[in-house]
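*Asks:* One file is attached below, run.cif, containing mmCIF, N, CA, C and O atoms.
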```cif
data_run
#
loop_
_atom_site.label_atom_id
_atom_site.label_comp_id
_atom_site.auth_asym_id
_atom_site.auth_seq_id
_atom_site.Cartn_x
_atom_site.Cartn_y
_atom_site.Cartn_z
N GLU A 1 20.16 17.49 -3.07
CA GLU A 1 19.41 16.82 -2.01
C GLU A 1 18.48 15.79 -2.63
O GLU A 1 17.83 16.05 -3.64
N PRO A 2 18.38 14.59 -2.02
CA PRO A 2 17.46 13.58 -2.55
C PRO A 2 16.02 14.09 -2.57
O PRO A 2 15.65 14.97 -1.79
N ALA A 3 15.25 13.53 -3.45
CA ALA A 3 13.85 13.95 -3.62
C ALA A 3 12.99 12.71 -3.83
O ALA A 3 13.45 11.58 -3.63
N LEU A 4 11.77 12.93 -4.25
CA LEU A 4 10.87 11.84 -4.64
C LEU A 4 10.47 12.05 -6.09
O LEU A 4 10.19 13.18 -6.50
N LEU A 5 10.45 10.99 -6.85
CA LEU A 5 9.99 11.05 -8.23
C LEU A 5 8.59 10.45 -8.27
O LEU A 5 8.39 9.29 -7.92
N GLN A 6 7.63 11.26 -8.68
CA GLN A 6 6.24 10.81 -8.81
C GLN A 6 6.01 10.46 -10.28
O GLN A 6 6.24 11.29 -11.16
N VAL A 7 5.59 9.24 -10.52
CA VAL A 7 5.41 8.74 -11.89
C VAL A 7 3.95 8.32 -12.06
O VAL A 7 3.48 7.41 -11.40
N ARG A 8 3.23 9.02 -12.95
CA ARG A 8 1.84 8.66 -13.23
C ARG A 8 1.82 7.82 -14.51
O ARG A 8 2.36 8.23 -15.55
N LEU A 9 1.20 6.65 -14.43
CA LEU A 9 1.15 5.70 -15.54
C LEU A 9 -0.30 5.44 -15.91
O LEU A 9 -1.15 5.32 -15.03
N GLU A 10 -0.56 5.34 -17.21
CA GLU A 10 -1.91 4.99 -17.66
C GLU A 10 -1.80 4.03 -18.84
O GLU A 10 -1.13 4.32 -19.82
N ARG A 11 -2.46 2.89 -18.72
CA ARG A 11 -2.54 1.93 -19.82
C ARG A 11 -3.80 2.30 -20.61
O ARG A 11 -4.91 2.24 -20.07
N PRO A 12 -3.66 2.72 -21.86
CA PRO A 12 -4.83 3.20 -22.59
C PRO A 12 -5.84 2.10 -22.88
O PRO A 12 -5.51 0.92 -22.92
N SER A 13 -7.06 2.52 -23.06
CA SER A 13 -8.13 1.66 -23.54
C SER A 13 -8.42 2.12 -24.96
O SER A 13 -8.67 3.30 -25.20
N LEU A 14 -8.34 1.21 -25.91
CA LEU A 14 -8.47 1.57 -27.32
C LEU A 14 -9.83 1.15 -27.86
O LEU A 14 -10.30 0.04 -27.58
N ASP A 15 -10.45 2.01 -28.66
CA ASP A 15 -11.70 1.66 -29.32
C ASP A 15 -11.44 0.57 -30.35
O ASP A 15 -10.58 0.73 -31.22
N GLY A 16 -12.13 -0.52 -30.23
CA GLY A 16 -12.04 -1.56 -31.25
C GLY A 16 -10.93 -2.58 -31.07
O GLY A 16 -10.77 -3.45 -31.90
N ALA A 17 -10.15 -2.48 -29.99
CA ALA A 17 -9.08 -3.46 -29.79
C ALA A 17 -8.82 -3.65 -28.31
O ALA A 17 -8.92 -2.71 -27.52
N ARG A 18 -8.48 -4.87 -27.95
CA ARG A 18 -8.10 -5.17 -26.57
C ARG A 18 -6.59 -5.33 -26.53
O ARG A 18 -6.02 -6.07 -27.33
N ILE A 19 -5.94 -4.61 -25.63
CA ILE A 19 -4.48 -4.72 -25.52
C ILE A 19 -4.06 -5.39 -24.23
O ILE A 19 -2.91 -5.77 -24.08
N GLY A 20 -4.98 -5.55 -23.28
CA GLY A 20 -4.67 -6.25 -22.04
C GLY A 20 -3.78 -5.44 -21.10
O GLY A 20 -3.42 -4.30 -21.38
N PRO A 21 -3.41 -6.04 -19.97
CA PRO A 21 -2.59 -5.34 -18.98
C PRO A 21 -1.12 -5.28 -19.41
O PRO A 21 -0.69 -6.00 -20.30
N ALA A 22 -0.39 -4.40 -18.73
CA ALA A 22 1.05 -4.29 -18.96
C ALA A 22 1.76 -4.30 -17.61
O ALA A 22 1.23 -3.81 -16.61
N THR A 23 2.95 -4.85 -17.58
CA THR A 23 3.81 -4.76 -16.41
C THR A 23 4.78 -3.62 -16.65
O THR A 23 5.46 -3.57 -17.68
N VAL A 24 4.81 -2.67 -15.70
CA VAL A 24 5.66 -1.50 -15.81
C VAL A 24 6.67 -1.54 -14.68
O VAL A 24 6.31 -1.73 -13.52
N THR A 25 7.95 -1.39 -15.02
CA THR A 25 9.02 -1.36 -14.02
C THR A 25 9.77 -0.05 -14.17
O THR A 25 10.16 0.32 -15.28
N ILE A 26 9.95 0.67 -13.05
CA ILE A 26 10.72 1.90 -13.06
C ILE A 26 11.89 1.74 -12.11
O ILE A 26 11.74 1.23 -11.00
N SER A 27 13.07 2.14 -12.58
CA SER A 27 14.29 2.10 -11.78
C SER A 27 14.87 3.50 -11.69
O SER A 27 15.01 4.19 -12.70
N VAL A 28 15.19 3.91 -10.46
CA VAL A 28 15.83 5.21 -10.19
C VAL A 28 16.93 4.93 -9.19
O VAL A 28 16.65 4.59 -8.03
N GLY A 29 18.19 5.06 -9.62
CA GLY A 29 19.29 4.70 -8.72
C GLY A 29 19.15 3.24 -8.32
O GLY A 29 18.91 2.38 -9.16
N ALA A 30 19.23 2.95 -7.01
CA ALA A 30 19.11 1.58 -6.52
C ALA A 30 17.65 1.18 -6.28
O ALA A 30 17.38 0.02 -5.98
N GLU A 31 16.74 2.10 -6.41
CA GLU A 31 15.31 1.82 -6.17
C GLU A 31 14.66 1.27 -7.43
O GLU A 31 14.93 1.72 -8.54
N ARG A 32 13.76 0.30 -7.22
CA ARG A 32 13.04 -0.31 -8.34
C ARG A 32 11.62 -0.62 -7.90
O ARG A 32 11.40 -1.17 -6.82
N ARG A 33 10.65 -0.26 -8.74
CA ARG A 33 9.24 -0.52 -8.45
C ARG A 33 8.60 -1.15 -9.69
O ARG A 33 8.89 -0.73 -10.81
N SER A 34 7.70 -2.11 -9.47
CA SER A 34 6.96 -2.73 -10.56
C SER A 34 5.48 -2.74 -10.23
O SER A 34 5.11 -2.86 -9.06
N VAL A 35 4.66 -2.62 -11.27
CA VAL A 35 3.22 -2.65 -11.10
C VAL A 35 2.61 -3.25 -12.36
O VAL A 35 3.12 -3.07 -13.46
N THR A 36 1.51 -4.00 -12.18
CA THR A 36 0.74 -4.47 -13.32
C THR A 36 -0.43 -3.51 -13.49
O THR A 36 -1.17 -3.26 -12.55
N LEU A 37 -0.53 -2.98 -14.68
CA LEU A 37 -1.51 -1.94 -14.96
C LEU A 37 -2.56 -2.47 -15.94
O LEU A 37 -2.25 -2.74 -17.10
N PRO A 38 -3.81 -2.64 -15.49
CA PRO A 38 -4.86 -3.13 -16.39
C PRO A 38 -5.18 -2.11 -17.49
O PRO A 38 -4.99 -0.90 -17.31
N GLU A 39 -5.68 -2.59 -18.58
CA GLU A 39 -6.12 -1.73 -19.69
C GLU A 39 -7.17 -0.74 -19.19
O GLU A 39 -8.09 -1.10 -18.45
N GLY A 40 -7.01 0.54 -19.55
CA GLY A 40 -7.95 1.57 -19.17
C GLY A 40 -7.79 2.10 -17.75
O GLY A 40 -8.62 2.86 -17.29
N LYS A 41 -6.72 1.72 -17.06
CA LYS A 41 -6.51 2.14 -15.67
C LYS A 41 -5.24 2.98 -15.54
O LYS A 41 -4.33 2.90 -16.36
N ALA A 42 -5.19 3.77 -14.46
CA ALA A 42 -4.03 4.61 -14.17
C ALA A 42 -3.56 4.32 -12.75
O ALA A 42 -4.32 3.88 -11.89
N LYS A 43 -2.29 4.59 -12.50
CA LYS A 43 -1.70 4.42 -11.17
C LYS A 43 -0.54 5.38 -11.04
O LYS A 43 0.14 5.68 -12.02
N THR A 44 -0.32 5.86 -9.83
CA THR A 44 0.81 6.74 -9.56
C THR A 44 1.76 6.04 -8.61
O THR A 44 1.34 5.54 -7.56
N LEU A 45 3.04 6.01 -8.98
CA LEU A 45 4.10 5.45 -8.13
C LEU A 45 4.97 6.58 -7.63
O LEU A 45 5.20 7.56 -8.36
N THR A 46 5.48 6.45 -6.42
CA THR A 46 6.42 7.42 -5.87
C THR A 46 7.70 6.68 -5.52
O THR A 46 7.66 5.70 -4.77
N VAL A 47 8.82 7.16 -6.07
CA VAL A 47 10.10 6.48 -5.92
C VAL A 47 11.11 7.46 -5.33
O VAL A 47 11.27 8.57 -5.86
N PRO A 48 11.81 7.09 -4.25
CA PRO A 48 12.87 7.96 -3.73
C PRO A 48 14.01 8.06 -4.74
O PRO A 48 14.31 7.09 -5.44
N THR A 49 14.63 9.22 -4.79
CA THR A 49 15.74 9.44 -5.73
C THR A 49 17.05 9.64 -4.98
O THR A 49 17.04 10.05 -3.81
N PRO A 50 18.16 9.37 -5.66
CA PRO A 50 19.45 9.78 -5.09
C PRO A 50 19.62 11.28 -5.31
O PRO A 50 18.76 11.95 -5.88
N ARG A 51 20.75 11.80 -4.87
CA ARG A 51 21.04 13.21 -5.13
C ARG A 51 21.14 13.44 -6.63
O ARG A 51 21.59 12.57 -7.36
N PRO A 52 20.71 14.61 -7.12
CA PRO A 52 20.82 14.91 -8.55
C PRO A 52 22.28 15.00 -8.97
O PRO A 52 23.12 15.32 -8.14
N PRO A 53 22.55 14.74 -10.22
CA PRO A 53 21.61 14.34 -11.27
C PRO A 53 21.29 12.84 -11.16
O PRO A 53 22.09 12.05 -10.69
N PHE A 54 20.11 12.47 -11.60
CA PHE A 54 19.71 11.07 -11.62
C PHE A 54 18.90 10.83 -12.89
O PHE A 54 18.45 11.77 -13.54
N SER A 55 18.71 9.57 -13.22
CA SER A 55 17.89 9.22 -14.38
C SER A 55 16.86 8.18 -13.94
O SER A 55 17.04 7.49 -12.93
N ALA A 56 15.81 8.07 -14.71
CA ALA A 56 14.77 7.09 -14.47
C ALA A 56 14.67 6.20 -15.70
O ALA A 56 14.63 6.68 -16.83
N ASP A 57 14.64 4.89 -15.48
CA ASP A 57 14.49 3.93 -16.57
C ASP A 57 13.12 3.28 -16.44
O ASP A 57 12.78 2.76 -15.37
N LEU A 58 12.34 3.34 -17.50
CA LEU A 58 10.98 2.81 -17.50
C LEU A 58 10.90 1.69 -18.54
O LEU A 58 11.25 1.90 -19.70
N GLN A 59 10.44 0.51 -18.11
CA GLN A 59 10.27 -0.62 -19.02
C GLN A 59 8.81 -1.07 -18.98
O GLN A 59 8.22 -1.16 -17.90
N VAL A 60 8.24 -1.35 -20.15
CA VAL A 60 6.84 -1.77 -20.27
C VAL A 60 6.77 -3.03 -21.12
O VAL A 60 7.34 -3.08 -22.21
N THR A 61 6.07 -4.04 -20.60
CA THR A 61 5.83 -5.26 -21.38
C THR A 61 4.41 -5.74 -21.11
O THR A 61 3.98 -5.71 -19.96
N PRO A 62 3.68 -6.17 -22.09
CA PRO A 62 4.00 -6.06 -23.50
C PRO A 62 3.65 -4.68 -24.05
O PRO A 62 2.89 -3.94 -23.44
N THR A 63 4.22 -4.38 -25.20
CA THR A 63 3.85 -3.19 -25.94
C THR A 63 2.82 -3.57 -27.01
O THR A 63 2.50 -4.74 -27.17
N PHE A 64 2.32 -2.56 -27.71
CA PHE A 64 1.37 -2.81 -28.79
C PHE A 64 1.61 -1.82 -29.91
O PHE A 64 2.22 -0.78 -29.71
N SER A 65 1.15 -2.15 -31.11
CA SER A 65 1.28 -1.28 -32.27
C SER A 65 -0.12 -1.00 -32.82
O SER A 65 -0.84 -1.94 -33.18
N PRO A 66 -0.53 0.27 -32.90
CA PRO A 66 -1.84 0.58 -33.48
C PRO A 66 -1.99 0.02 -34.90
O PRO A 66 -3.06 -0.45 -35.28
N ALA A 67 -0.89 0.02 -35.68
CA ALA A 67 -0.97 -0.51 -37.05
C ALA A 67 -1.25 -2.00 -37.05
O ALA A 67 -2.06 -2.50 -37.83
N ALA A 68 -0.59 -2.74 -36.16
CA ALA A 68 -0.79 -4.19 -36.10
C ALA A 68 -2.21 -4.54 -35.65
O ALA A 68 -2.73 -5.60 -35.99
N LEU A 69 -2.85 -3.63 -34.92
CA LEU A 69 -4.22 -3.85 -34.47
C LEU A 69 -5.26 -3.35 -35.47
O LEU A 69 -6.45 -3.45 -35.25
N GLY A 70 -4.78 -2.76 -36.58
CA GLY A 70 -5.68 -2.25 -37.62
C GLY A 70 -6.37 -0.95 -37.24
O GLY A 70 -7.40 -0.61 -37.81
N LEU A 71 -5.80 -0.21 -36.30
CA LEU A 71 -6.42 1.03 -35.82
C LEU A 71 -5.93 2.27 -36.55
O LEU A 71 -6.64 3.27 -36.60
N SER A 72 -4.71 2.23 -37.08
CA SER A 72 -4.14 3.38 -37.79
C SER A 72 -2.89 2.92 -38.52
O SER A 72 -2.52 1.75 -38.45
N ALA A 73 -2.21 3.84 -39.18
CA ALA A 73 -0.96 3.53 -39.87
C ALA A 73 0.24 3.67 -38.93
O ALA A 73 1.38 3.44 -39.35
N ASP A 74 0.02 4.02 -37.68
CA ASP A 74 1.09 4.24 -36.71
C ASP A 74 1.74 2.91 -36.34
O ASP A 74 1.14 2.07 -35.67
N GLY A 75 2.97 2.71 -36.79
CA GLY A 75 3.68 1.45 -36.56
C GLY A 75 4.54 1.42 -35.31
O GLY A 75 5.23 0.44 -35.06
N ARG A 76 4.50 2.50 -34.51
CA ARG A 76 5.32 2.53 -33.29
C ARG A 76 4.87 1.46 -32.29
O ARG A 76 3.71 1.08 -32.27
N GLN A 77 5.80 1.03 -31.46
CA GLN A 77 5.49 0.16 -30.32
C GLN A 77 5.20 1.07 -29.13
O GLN A 77 6.04 1.86 -28.72
N LEU A 78 3.98 0.97 -28.59
CA LEU A 78 3.54 1.83 -27.50
C LEU A 78 3.24 0.98 -26.28
O LEU A 78 3.01 -0.22 -26.39
N GLY A 79 3.22 1.63 -25.10
CA GLY A 79 2.96 0.87 -23.89
C GLY A 79 2.01 1.56 -22.93
O GLY A 79 0.92 1.09 -22.67
N VAL A 80 2.46 2.68 -22.36
CA VAL A 80 1.67 3.44 -21.39
C VAL A 80 1.87 4.93 -21.62
O VAL A 80 2.86 5.35 -22.20
N LEU A 81 0.91 5.71 -21.14
CA LEU A 81 1.07 7.16 -21.07
C LEU A 81 1.76 7.44 -19.75
O LEU A 81 1.39 6.84 -18.72
N VAL A 82 2.76 8.31 -19.75
CA VAL A 82 3.54 8.53 -18.53
C VAL A 82 3.81 10.02 -18.32
O VAL A 82 3.98 10.76 -19.28
N SER A 83 3.80 10.44 -17.06
CA SER A 83 4.24 11.79 -16.71
C SER A 83 5.06 11.69 -15.44
O SER A 83 4.85 10.81 -14.59
N PHE A 84 6.04 12.60 -15.31
CA PHE A 84 6.96 12.60 -14.18
C PHE A 84 6.87 13.94 -13.46
O PHE A 84 6.71 14.98 -14.08
N ALA A 85 7.02 13.91 -12.13
CA ALA A 85 7.14 15.13 -11.33
C ALA A 85 8.15 14.85 -10.23
O ALA A 85 8.15 13.77 -9.62
N VAL A 86 9.04 15.81 -9.99
CA VAL A 86 10.02 15.69 -8.90
C VAL A 86 9.49 16.47 -7.72
O VAL A 86 9.15 17.66 -7.84
N LEU A 87 9.37 15.80 -6.58
CA LEU A 87 8.85 16.41 -5.36
C LEU A 87 9.97 16.52 -4.32
O LEU A 87 10.72 15.56 -4.12
N ARG A 88 10.06 17.65 -3.67
CA ARG A 88 11.04 17.80 -2.59
C ARG A 88 10.56 17.04 -1.38
O ARG A 88 9.38 16.96 -1.12
N ARG A 89 11.51 16.50 -0.63
CA ARG A 89 11.15 15.78 0.61
C ARG A 89 10.92 16.73 1.74
O ARG A 89 11.41 17.78 1.82
#
```
In structure tokens, write the structure found in this file.
*Replies:*
Amino acid sequence: EPALLQVRLERPSLDGARIGPATVTISVGAERRSVTLPEGKAKTLTVPTPRPPFSADLQVTPTFSPAALGLSADGRQLGVLVSFAVLRR
């Protein structure tokens, strides 16, 4: 049975560096949602899902690297903190 996917997004605020806002796009089946998320802010999106099984694709631009900002040795490209919850309709 179709459900709702609740996606909580947070663009971190980093001590000593400005990373600016990010555009986050989530796609689930034929549904697509986009939001601009300012640095240090959170937002929750709710997206209808098709019948299971389904997948969610999350894209974030721009990303940042703590190493490139001189904050740590972590060279990963990071974007947002994310959590997912499936809600029954």
*Asks:* Expressed in Å to a single decimal, how great is the separation between CA of Ile19 (chain A) and atom C of Leu78 (chain A)?
*Replies:* 9.6 Å
*Asks:* Do you know which residues are at most 5 Å from Leu37 (chain A) counting all atoms listed in the file, after dropping those on the same chain fewer than 2 positions away, and could you put them as a PyMOL selection string?
*Replies:* chain A and resi 20-23+35+39
*Asks:* So how far away is atom C of Gln6 (chain A) from atom O of Phe84 (chain A), in Å?
*Replies:* 5.9 Å
*Asks:* Report the distance between CA of Val24 (chain A) and CA of Ala85 (chain A) in Å, rounded to one decimal place.
*Replies:*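 Interatomic distance here is 17.3 Å.
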*Asks:* Near Val86 (chain A), within 12 Å and counting only C-alpha atoms, which residues show up once chain neighbours fewer than 2 positions away are dropped, as a list in words?
*Replies:*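 With the cut-off at 12 Å, the set is Glu1, Pro2, Ala3, Leu4, Leu5, Gln6, Val7, Arg8, Leu45, Thr46, Val47, Pro48, Thr49, Pro50, Arg51, Pro52, Pro53, Phe54, Ser55, Ala56, Ser83, Phe84, Arg88 and Arg89 of chain A.
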*Asks:* Find, counting only C-alpha atoms, the residue in A:Val60, A:Ala42, A:Val82, A:Leu69 that gets nearest to Arg18 (chain A).
*Replies:*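 Going through A:Val60, A:Ala42, A:Val82, A:Leu69 one by one, the smallest distance to Arg18 (chain A) is for A:Leu69.
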*Asks:* Of the residues A:Pro62, A:Glu31, A:Gly75, A:Gly40, which is the one nearest to Pro12 (chain A), using only C-alpha atoms?
*Replies:* A:Gly40
*Asks:* Per DSSP on the backbone, what are the strand (DSSP E) residues of region 22-60 of chain A, as a ChimeraX atom specification?
*Replies:* /A:22-28,31-37,42-48,56-60
*Asks:* Using only N, CA, C and O atoms, which residue out of A:Ala30, A:Asp15, A:Ala67, A:Glu10 lies closest to Gly79 (chain A)?
*Replies:*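 Smallest separation from Gly79 (chain A) among the options: A:Glu10.
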*Asks:* Give me, as a PyMOL selection string, all polymer residues having an atom no more than 4.5 Å from Asp57 (chain A), counting only N, CA, C and O atoms and skipping those fewer than 5 positions away in the same chain.
*Replies:* chain A and resi 25-27
*Asks:* Based on the selection just made, write N, CA, C and O atoms of those residues as a short mmCIF file (atom, residue, chain, number, x, y, z; two decimals), in the coordinates of the input.
*Replies:*
```
data_model
loop_
_atom_site.label_atom_id
_atom_site.label_comp_id
_atom_site.auth_asym_id
_atom_site.auth_seq_id
_atom_site.Cartn_x
_atom_site.Cartn_y
_atom_site.Cartn_z
N THR A 25 7.95 -1.39 -15.02
CA THR A 25 9.02 -1.36 -14.02
C THR A 25 9.77 -0.05 -14.17
O THR A 25 10.16 0.32 -15.28
N ILE A 26 9.95 0.67 -13.05
CA ILE A 26 10.72 1.90 -13.06
C ILE A 26 11.89 1.74 -12.11
O ILE A 26 11.74 1.23 -11.00
N SER A 27 13.07 2.14 -12.58
CA SER A 27 14.29 2.10 -11.78
C SER A 27 14.87 3.50 -11.69
O SER A 27 15.01 4.19 -12.70
#
```
